[in-house]
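**Student:** Contents are PDB, C-alpha atoms; file name work.pdb:
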ATOM      1  CA  MET H 224       1.576 -14.845  -4.846  1.00  0.00           C
ATOM      2  CA  VAL H 225      -1.045 -17.443  -4.099  1.00  0.00           C
ATOM      3  CA  LYS H 226      -4.278 -16.799  -6.023  1.00  0.00           C
ATOM      4  CA  MET H 227      -6.345 -16.680  -2.816  1.00  0.00           C
ATOM      5  CA  GLY H 228      -4.051 -13.981  -1.438  1.00  0.00           C
ATOM      6  CA  TYR H 229      -4.487 -12.084  -4.700  1.00  0.00           C
ATOM      7  CA  TYR H 230      -8.276 -12.107  -4.338  1.00  0.00           C
ATOM      8  CA  ILE H 231      -8.139 -11.170  -0.648  1.00  0.00           C
ATOM      9  CA  LEU H 232      -5.952  -8.188  -1.508  1.00  0.00           C
ATOM     10  CA  GLN H 233      -8.366  -7.289  -4.310  1.00  0.00           C
ATOM     11  CA  LEU H 234     -11.326  -7.483  -1.905  1.00  0.00           C
ATOM     12  CA  ALA H 235      -9.566  -5.366   0.715  1.00  0.00           C
ATOM     13  CA  GLY H 236      -8.478  -2.789  -1.842  1.00  0.00           C
ATOM     14  CA  THR H 237     -11.926  -2.569  -3.393  1.00  0.00           C
ATOM     15  CA  PHE H 238     -13.695  -2.252  -0.053  1.00  0.00           C
ATOM     16  CA  SER H 239     -11.337   0.299   1.472  1.00  0.00           C
ATOM     17  CA  SER H 240     -11.184   2.502  -1.622  1.00  0.00           C
ATOM     18  CA  GLU H 241     -14.994   2.356  -2.047  1.00  0.00           C
ATOM     19  CA  CYS H 242     -15.525   3.430   1.555  1.00  0.00           C
ATOM     20  CA  LEU H 243     -12.950   6.203   1.388  1.00  0.00           C
ATOM     21  CA  ILE H 244     -14.235   7.656  -1.875  1.00  0.00           C
ATOM     22  CA  LEU H 245     -17.909   7.499  -0.850  1.00  0.00           C
ATOM     23  CA  ALA H 246     -17.154   9.000   2.574  1.00  0.00           C
ATOM     24  CA  ILE H 247     -15.351  11.895   0.889  1.00  0.00           C
ATOM     25  CA  ILE H 248     -18.187  12.401  -1.608  1.00  0.00           C
ATOM     26  CA  TYR H 249     -20.859  12.444   1.116  1.00  0.00           C
ATOM     27  CA  GLN H 250     -18.737  14.728   3.311  1.00  0.00           C
ATOM     28  CA  LEU H 251     -18.221  17.198   0.453  1.00  0.00           C
ATOM     29  CA  ALA H 252     -21.927  17.023  -0.422  1.00  0.00           C
ATOM     30  CA  GLY H 253     -22.803  17.994   3.159  1.00  0.00           C
ATOM     31  CA  ASN H 254     -24.454  14.654   3.958  1.00  0.00           C
ATOM     32  CA  PRO H 255     -21.918  12.767   6.100  1.00  0.00           C
ATOM     33  CA  GLU H 256     -24.720  11.073   8.060  1.00  0.00           C
ATOM     34  CA  VAL H 257     -25.795   9.198   4.902  1.00  0.00           C
ATOM     35  CA  PHE H 258     -22.563   7.189   4.947  1.00  0.00           C
ATOM     36  CA  ASN H 259     -23.324   5.157   8.072  1.00  0.00           C
ATOM     37  CA  SER H 260     -22.684   1.582   9.200  1.00  0.00           C
ATOM     38  CA  THR H 261     -25.338   0.252   6.825  1.00  0.00           C
ATOM     39  CA  ALA H 262     -23.587   1.928   3.909  1.00  0.00           C
ATOM     40  CA  VAL H 263     -20.280   0.382   5.000  1.00  0.00           C
ATOM     41  CA  LEU H 264     -21.861  -3.091   5.098  1.00  0.00           C
ATOM     42  CA  ILE H 265     -23.352  -2.528   1.653  1.00  0.00           C
ATOM     43  CA  CYS H 266     -19.919  -1.445   0.361  1.00  0.00           C
ATOM     44  CA  PHE H 267     -18.489  -4.669   1.748  1.00  0.00           C
ATOM     45  CA  LEU H 268     -21.249  -6.711   0.063  1.00  0.00           C
ATOM     46  CA  LEU H 269     -20.566  -4.913  -3.202  1.00  0.00           C
ATOM     47  CA  ALA H 270     -16.818  -5.554  -2.874  1.00  0.00           C
ATOM     48  CA  VAL H 271     -17.484  -9.266  -2.254  1.00  0.00           C
ATOM     49  CA  ILE H 272     -19.795  -9.473  -5.281  1.00  0.00           C
ATOM     50  CA  ILE H 273     -17.250  -7.691  -7.508  1.00  0.00           C
ATOM     51  CA  THR H 274     -14.366  -9.852  -6.275  1.00  0.00           C
ATOM     52  CA  ALA H 275     -16.384 -13.056  -6.770  1.00  0.00           C
ATOM     53  CA  ALA H 276     -17.436 -11.999 -10.265  1.00  0.00           C
ATOM     54  CA  MET H 277     -13.872 -11.060 -11.209  1.00  0.00           C
ATOM     55  CA  THR H 278     -12.627 -14.373  -9.813  1.00  0.00           C
ATOM     56  CA  ILE H 279     -14.966 -16.121 -12.241  1.00  0.00           C
ATOM     57  CA  THR H 280     -14.033 -13.912 -15.208  1.00  0.00           C
ATOM     58  CA  ASP H 281     -10.317 -14.465 -14.469  1.00  0.00           C
ATOM     59  CA  ARG H 282     -10.875 -18.142 -15.156  1.00  0.00           C
ATOM     60  CA  LEU H 283     -12.487 -17.564 -18.562  1.00  0.00           C
ATOM     61  CA  THR H 284     -10.280 -18.268 -21.546  1.00  0.00           C
ATOM     62  CA  PHE H 285     -11.692 -15.705 -23.981  1.00  0.00           C
ATOM     63  CA  GLN H 286      -9.558 -12.928 -22.555  1.00  0.00           C
ATOM     64  CA  SER H 287      -6.918 -12.805 -25.246  1.00  0.00           C
ATOM     65  CA  SER H 288      -5.343  -9.507 -24.278  1.00  0.00           C
ATOM     66  CA  LYS H 289      -4.926  -7.164 -21.330  1.00  0.00           C
ATOM     67  CA  ALA H 290      -7.305  -4.652 -22.940  1.00  0.00           C
ATOM     68  CA  VAL H 291     -10.063  -7.253 -23.249  1.00  0.00           C
ATOM     69  CA  LYS H 292      -9.553  -8.250 -19.593  1.00  0.00           C
ATOM     70  CA  ILE H 293      -9.826  -4.614 -18.461  1.00  0.00           C
ATOM     71  CA  ILE H 294     -13.006  -4.098 -20.490  1.00  0.00           C
ATOM     72  CA  VAL H 295     -14.567  -7.307 -19.121  1.00  0.00           C
ATOM     73  CA  ASP H 296     -13.582  -6.329 -15.566  1.00  0.00           C
ATOM     74  CA  LEU H 297     -15.089  -2.861 -15.931  1.00  0.00           C
ATOM     75  CA  LEU H 298     -18.313  -4.285 -17.386  1.00  0.00           C
ATOM     76  CA  VAL H 299     -18.586  -6.745 -14.491  1.00  0.00           C
ATOM     77  CA  ILE H 300     -17.990  -3.971 -11.966  1.00  0.00           C
ATOM     78  CA  PHE H 301     -20.486  -1.675 -13.700  1.00  0.00           C
ATOM     79  CA  ALA H 302     -23.121  -4.426 -13.754  1.00  0.00           C
ATOM     80  CA  ALA H 303     -22.603  -5.154 -10.046  1.00  0.00           C
ATOM     81  CA  VAL H 304     -22.737  -1.491  -9.050  1.00  0.00           C
ATOM     82  CA  VAL H 305     -25.767  -0.691 -11.180  1.00  0.00           C
ATOM     83  CA  GLY H 306     -27.548  -3.908 -10.226  1.00  0.00           C
ATOM     84  CA  LEU H 307     -27.069  -3.434  -6.498  1.00  0.00           C
ATOM     85  CA  GLY H 308     -26.888   0.354  -6.325  1.00  0.00           C
ATOM     86  CA  ASP H 309     -29.804   1.244  -8.583  1.00  0.00           C
ATOM     87  CA  PHE H 310     -32.133  -1.695  -8.928  1.00  0.00           C
ATOM     88  CA  VAL H 311     -31.823  -3.218  -5.432  1.00  0.00           C
ATOM     89  CA  LEU H 312     -30.966  -0.299  -3.120  1.00  0.00           C
ATOM     90  CA  GLY H 313     -32.127   2.697  -5.141  1.00  0.00           C
ATOM     91  CA  TRP H 314     -28.970   4.688  -4.272  1.00  0.00           C
ATOM     92  CA  PHE H 315     -28.986   6.411  -7.626  1.00  0.00           C
ATOM     93  CA  ASN H 316     -30.879   6.581 -10.902  1.00  0.00           C
ATOM     94  CA  ILE H 317     -28.996   5.298 -13.942  1.00  0.00           C
ATOM     95  CA  PHE H 318     -31.026   7.620 -16.142  1.00  0.00           C
ATOM     96  CA  HIS H 319     -29.894  10.735 -14.252  1.00  0.00           C
ATOM     97  CA  PRO H 320     -26.690  12.081 -15.893  1.00  0.00           C
ATOM     98  CA  LEU H 321     -25.121  13.448 -12.689  1.00  0.00           C
ATOM     99  CA  ASP H 322     -25.723  10.155 -10.859  1.00  0.00           C
ATOM    100  CA  MET H 323     -24.133   8.211 -13.696  1.00  0.00           C
ATOM    101  CA  LEU H 324     -21.170  10.585 -13.816  1.00  0.00           C
ATOM    102  CA  ILE H 325     -20.560  10.014 -10.099  1.00  0.00           C
ATOM    103  CA  VAL H 326     -20.992   6.229 -10.452  1.00  0.00           C
ATOM    104  CA  ILE H 327     -18.587   6.058 -13.394  1.00  0.00           C
ATOM    105  CA  GLY H 328     -16.110   8.285 -11.559  1.00  0.00           C
ATOM    106  CA  VAL H 329     -16.218   6.125  -8.422  1.00  0.00           C
ATOM    107  CA  ILE H 330     -15.864   2.923 -10.479  1.00  0.00           C
ATOM    108  CA  ALA H 331     -12.892   4.368 -12.365  1.00  0.00           C
ATOM    109  CA  ALA H 332     -11.201   5.600  -9.190  1.00  0.00           C
ATOM    110  CA  VAL H 333     -11.689   2.297  -7.353  1.00  0.00           C
ATOM    111  CA  TYR H 334     -10.493   0.328 -10.385  1.00  0.00           C
ATOM    112  CA  ILE H 335      -7.353   2.453 -10.743  1.00  0.00           C
ATOM    113  CA  ILE H 336      -6.561   2.192  -7.018  1.00  0.00           C
ATOM    114  CA  VAL H 337      -7.055  -1.587  -6.936  1.00  0.00           C
ATOM    115  CA  PHE H 338      -5.190  -2.063 -10.235  1.00  0.00           C
ATOM    116  CA  ALA H 339      -2.246  -0.064  -8.861  1.00  0.00           C
ATOM    117  CA  MET H 340      -2.260  -2.100  -5.627  1.00  0.00           C
ATOM    118  CA  MET H 341      -2.347  -5.399  -7.501  1.00  0.00           C
ATOM    119  CA  THR H 342       0.380  -4.311  -9.926  1.00  0.00           C
ATOM    120  CA  LEU H 343       2.591  -3.228  -7.044  1.00  0.00           C
ATOM    121  CA  ARG H 344       1.964  -6.500  -5.207  1.00  0.00           C
ATOM    122  CA  LEU H 345       2.757  -8.569  -8.300  1.00  0.00           C
ATOM    123  CA  ARG H 346       5.916  -6.528  -8.841  1.00  0.00           C
ATOM    124  CA  ILE H 347       7.045  -7.139  -5.259  1.00  0.00           C
ATOM    125  CA  ASP H 348       6.358 -10.863  -5.629  1.00  0.00           C
ATOM    126  CA  SER H 349       8.239 -11.078  -8.927  1.00  0.00           C
ATOM    127  CA  ASP H 350      11.213  -9.254  -7.390  1.00  0.00           C
ATOM    128  CA  LYS H 351      11.258 -11.775  -4.532  1.00  0.00           C
ATOM    129  CA  ILE H 352      11.162 -14.668  -6.985  1.00  0.00           C
ATOM    130  CA  ASN H 353      13.934 -13.146  -9.101  1.00  0.00           C
ATOM    131  CA  ARG H 354      16.096 -12.665  -5.995  1.00  0.00           C
ATOM    132  CA  LYS H 355      15.581 -16.318  -5.029  1.00  0.00           C
ATOM    133  CA  ILE H 356      16.535 -17.437  -8.537  1.00  0.00           C
ATOM    134  CA  MET H 357      19.668 -15.281  -8.440  1.00  0.00           C
ATOM    135  CA  GLU H 358      20.605 -16.737  -5.037  1.00  0.00           C
ATOM    136  CA  MET H 359      20.079 -20.276  -6.346  1.00  0.00           C
ATOM    137  CA  ARG H 360      22.258 -19.524  -9.401  1.00  0.00           C
ATOM    138  CA  GLU H 361      24.971 -18.016  -7.225  1.00  0.00           C
ATOM    139  CA  ASP H 362      24.867 -21.063  -4.926  1.00  0.00           C
ATOM    140  CA  LYS H 363      25.087 -23.391  -7.934  1.00  0.00           C
ATOM    141  CA  ASP H 364      27.958 -21.376  -9.435  1.00  0.00           C
ATOM    142  CA  GLY H 365      29.755 -21.508  -6.092  1.00  0.00           C
ATOM    143  CA  GLU H 366      29.404 -25.303  -5.953  1.00  0.00           C
ATOM    144  CA  ASP H 367      30.683 -25.716  -9.520  1.00  0.00           C
ATOM    145  CA  ASN H 368      33.913 -23.840  -8.735  1.00  0.00           C
TER     146      ASN H 368
END
How does the structure come out when it is put into structure tokens?

**Tutor:**
Amino acid sequence: MVKMGYYILQLAGTFSSECLILAIIYQLAGNPEVFNSTAVLICFLLAVIITAAMTITDRLTFQSSKAVKIIVDLLVIFAAVVGLGDFVLGWFNIFHPLDMLIVIGVIAAVYIIVFAMMTLRLRIDSDKINRKIMEMREDKDGEDN
């Protein structure tokens, strides 16, 4: 898959899962009116910031293992959410345990959803490539006979 397509899928997955999870949380909390068009635009801004930051960290060479990459990704996401959500917008207080539990839960859920989407997409792409290689080998074997 082309890298740009990868990042577009990541952005779409992040944005849609953020919106869905926050809408459910606000609905269950009895405050559905809080999740309005402004909140959706802020979710999109947050998804863009996270995707841009992860695009930059993907290009760094210090990520020697998958575990290190996951930790770096989660730290970048946490910094973006806390920076925008607490310090800029005042959506939550990082020193309030329940707020932090919700923030960490939302980050984990969004990360797992996007990770699963990206893994599935990469698997589909690799299957397509493998099929093409098999077809090319079969064509070459047919020409040799």

**Student:** With the file shown as input, list the residues that the PyMOL selection byres ((chain H and resi 274) around 12) selects, as JSON, numbers by chain.

**Tutor:** {"H": [227, 229, 230, 231, 232, 233, 234, 235, 236, 237, 238, 267, 268, 269, 270, 271, 272, 273, 275, 276, 277, 278, 279, 280, 281, 296, 297, 299, 300, 303, 334, 337]}

**Student:** Counting all atoms listed in the file, which of H:Ala290, H:Ala262, H:Val257, H:Ile244 gets nearest to H:Ala331?

**Tutor:**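 Selected residue with least distance to H:Ala331: H:Ile244.
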
**Student:** Just how far from atom CA of H:Ser260 is atom CA of H:Ile248, in Å to one decimal?

**Tutor:** 15.9 Å

**Student:** Expressed in Å to a single decimal, how great is the separation between atom CA of H:Leu312 and atom CA of H:Leu251?

**Tutor:** 21.9 Å

**Student:** Please compute the atom CA of H:Val326-atom CA of H:Gly308 distance, one decimal, in Å.

**Tutor:**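 A separation of 9.3 Å between them.
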
**Student:** Nearest residue to H:Ala246 out of H:Ala339, H:Leu321, H:Cys266, H:Glu361, using all atoms listed in the file?

**Tutor:**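 Answer, going by the shortest atom-to-atom distance: H:Cys266.
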
**Student:** Spell out the residues picked by the PyMOL selection byres ((chain H and resi 317) around 12) here, as a PyMOL selection string.

**Tutor:** chain H and resi 301-302+304-310+313-316+318-327
